[in-house]
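Notes follow the structure.
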Amino acid sequence: KGIPKRLLIQIQCNPPQNNTYYNFNYLDTMLQDFLDATDGHSRIISFSTQPNWLFKLDAPHIYPDNASLADWRYPVGTELVDDTMHALGDYYGRLVAWYTRGGFIDEYGRKHTSNYDYNWDYTEIFNEVESEHSMNVEFYTRAYDAVIQGIRRHTNNYDMKYVGMALGGHNEFGWYRYFLNHSNHAPDIPLDMISYHFYALANSRTDPNDWESFFSQLDGFTFEVEQIEEIRKILSPQTRTTIDELGVILPDDNTPGAPQFPMVYWNAAAALYAYAWARISRQGIDVV
């Protein structure tokens, strides 16, 4: 008699990757409201944060159960899965096509229909990239080019204008020298506009005497604007500039339950805005 034998084979297969999971439910309502309310006006649209599945991650990101909550730890990863940045460009191309071309064709040839035919003047590419994904200027410049190329591939829109850099650290002069040098970009990539930000800071949330420093900080920023303008005029004089974030950040502004600041804060902040306009408008900045 033979000896009975049993062979057990266990095979674990990955599910077929032939579908995508695009879902615009949360974004559509907000963007529709804004675009409808600003119809007829010049607009800059920024889809600032790249999805982290485009990046190599040590572990999957855990999303909040409530999709309306801020997730400050979402922008993780510093190296793209696709180093050519073609996938990055495709993502933004499809995103813009959803709102401007009635939909898009996904990675597997399936059509996603929105029936939207909105239009806007400028697309700003990312936001404060020194912080989000810790980009350096070489990486960001390649990404800027890739996003424009992707939008053109999926929308065939060559009239769209673009805003580059959106720097949080406005005094990073090496960024301007590199990014505004057309030789560092792919052919036919426009440098329509650059942007950077300024916030006056304070040591105290509750002592108005500390807020007098808002104005000296603005003076220092204005001097930096002069230096940035010198670089721009030499390398790319046709490029416009917008300082599209400007304001005040007090200690613990993002901390729930922080002490309420005195109401004179609103006067101090308003005075800073007036002073900023008086100083910056003399520099020929296009949009503040």
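Naming works like this for the structure tokens: A, B, ... for the chains as they're shown, residue 1 at the start of each chain, ligands 1 onward in shown order.
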Original post:
Which residues come within 8 Å of Phe126 (chain A), counting only C-alpha atoms, excluding same-chain residues fewer than 3 positions away, as a ChimeraX atom specification?
Top reply: /A:46-50,129,164-166
Write a file of the just-selected residues containing N, CA and C atoms, as a compact mmCIF listing (two decimals), in the first residue's frame.
# COMPACT_ATOMS: atom_id res chain seq x y z
N SER A 46 -5.57 76.99 -6.69
CA SER A 46 -4.42 76.19 -6.25
C SER A 46 -4.90 74.90 -5.60
N PHE A 47 -4.61 73.78 -6.25
CA PHE A 47 -4.78 72.46 -5.62
C PHE A 47 -3.42 72.13 -5.01
N SER A 48 -3.22 72.59 -3.79
CA SER A 48 -1.86 72.75 -3.30
C SER A 48 -1.17 71.46 -2.88
N THR A 49 -1.90 70.52 -2.31
CA THR A 49 -1.26 69.35 -1.70
C THR A 49 -1.38 68.14 -2.61
N GLN A 50 -0.26 67.56 -2.95
CA GLN A 50 -0.25 66.38 -3.80
C GLN A 50 -0.71 65.16 -3.00
N VAL A 129 6.25 74.92 -0.62
CA VAL A 129 6.82 73.59 -0.91
C VAL A 129 8.07 73.29 -0.09
N GLY A 164 4.03 80.18 -9.98
CA GLY A 164 5.04 79.27 -9.46
C GLY A 164 5.58 79.68 -8.11
N MET A 165 6.13 78.74 -7.41
CA MET A 165 6.87 78.81 -6.16
C MET A 165 5.98 78.86 -4.92
N ALA A 166 5.17 79.91 -4.73
CA ALA A 166 4.32 80.01 -3.52
C ALA A 166 5.13 79.76 -2.26
**OP:** Going by DSSP on the backbone, which bits of region 37-69 of chain A are strand (DSSP E or B)? Write them as number ranges by chain, please.
**Re:** A: 44-46, 55
Subject >> Residue nearest Phe223 (chain A) - candidates A:Arg279, A:Ala258, A:Pro208, A:Asn66, atoms counted: only C-alpha atoms >> reply: A:Arg279
**OP:** For Asp192 (chain A), please output as a list in words all residues within 8 Å (counting only C-alpha atoms; exclusion window: fewer than 4 positions along the same chain).
**Re:** Lys161, Tyr162, Val163, Gln238, Thr239 and Arg240 of chain A
**OP:** With a distance cut-off of 10 Å and only C-alpha atoms, select the neighbouring residues of region 79-92 of chain A, excluding the residue or stretch itself and same-chain residues fewer than 3 positions from it, and output the selection as a count of residues only.
**Re:** 34
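Between Thr222 (chain A) and the candidates A:Ala202, A:Ile243, A:Ala270, A:Val264, the tightest atom-to-atom separation, counting only C-alpha atoms, involves A:Ile243.
For region 29-32 of chain A, the list of residues within 10 Å, based on only C-alpha atoms and with local chain neighbours fewer than 3 positions off taken out, reads A:Phe24, A:Asn25, A:Tyr26, A:Leu35, A:Asp36, A:Ala37, A:Thr38, A:Ile45, A:Tyr99, A:Tyr116, A:Tyr118.
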**OP:** Counting only C-alpha atoms, figure out which residue out of A:Ile44, A:Met193, A:Met160, A:Leu167 gets nearest to Glu130 (chain A).
**Re:** A:Leu167
**OP:** Select from region 213-288 of chain A everything DSSP, run on the backbone, classes as alpha helix (DSSP H), then give the selection as a ChimeraX atom specification.
**Re:** /A:213-235,264-280
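The closest residue to Ser183 (chain A), picked from A:Tyr196, A:Glu212, A:Leu235, A:Phe261 and counting only C-alpha atoms, is A:Leu235.
Here CA of Arg205 (chain A) and CA of Pro251 (chain A) stand 5.5 Å from one another.
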**OP:** Could you give me, as a VMD selection string, the residues within 10 Å of Phe179 (chain A), counting only C-alpha atoms and dropping anything in the same chain fewer than 2 positions from it?
**Re:** chain A and resid 137 to 138 140 to 142 144 164 to 165 174 to 177 181 to 185 191 194 232 235 to 236
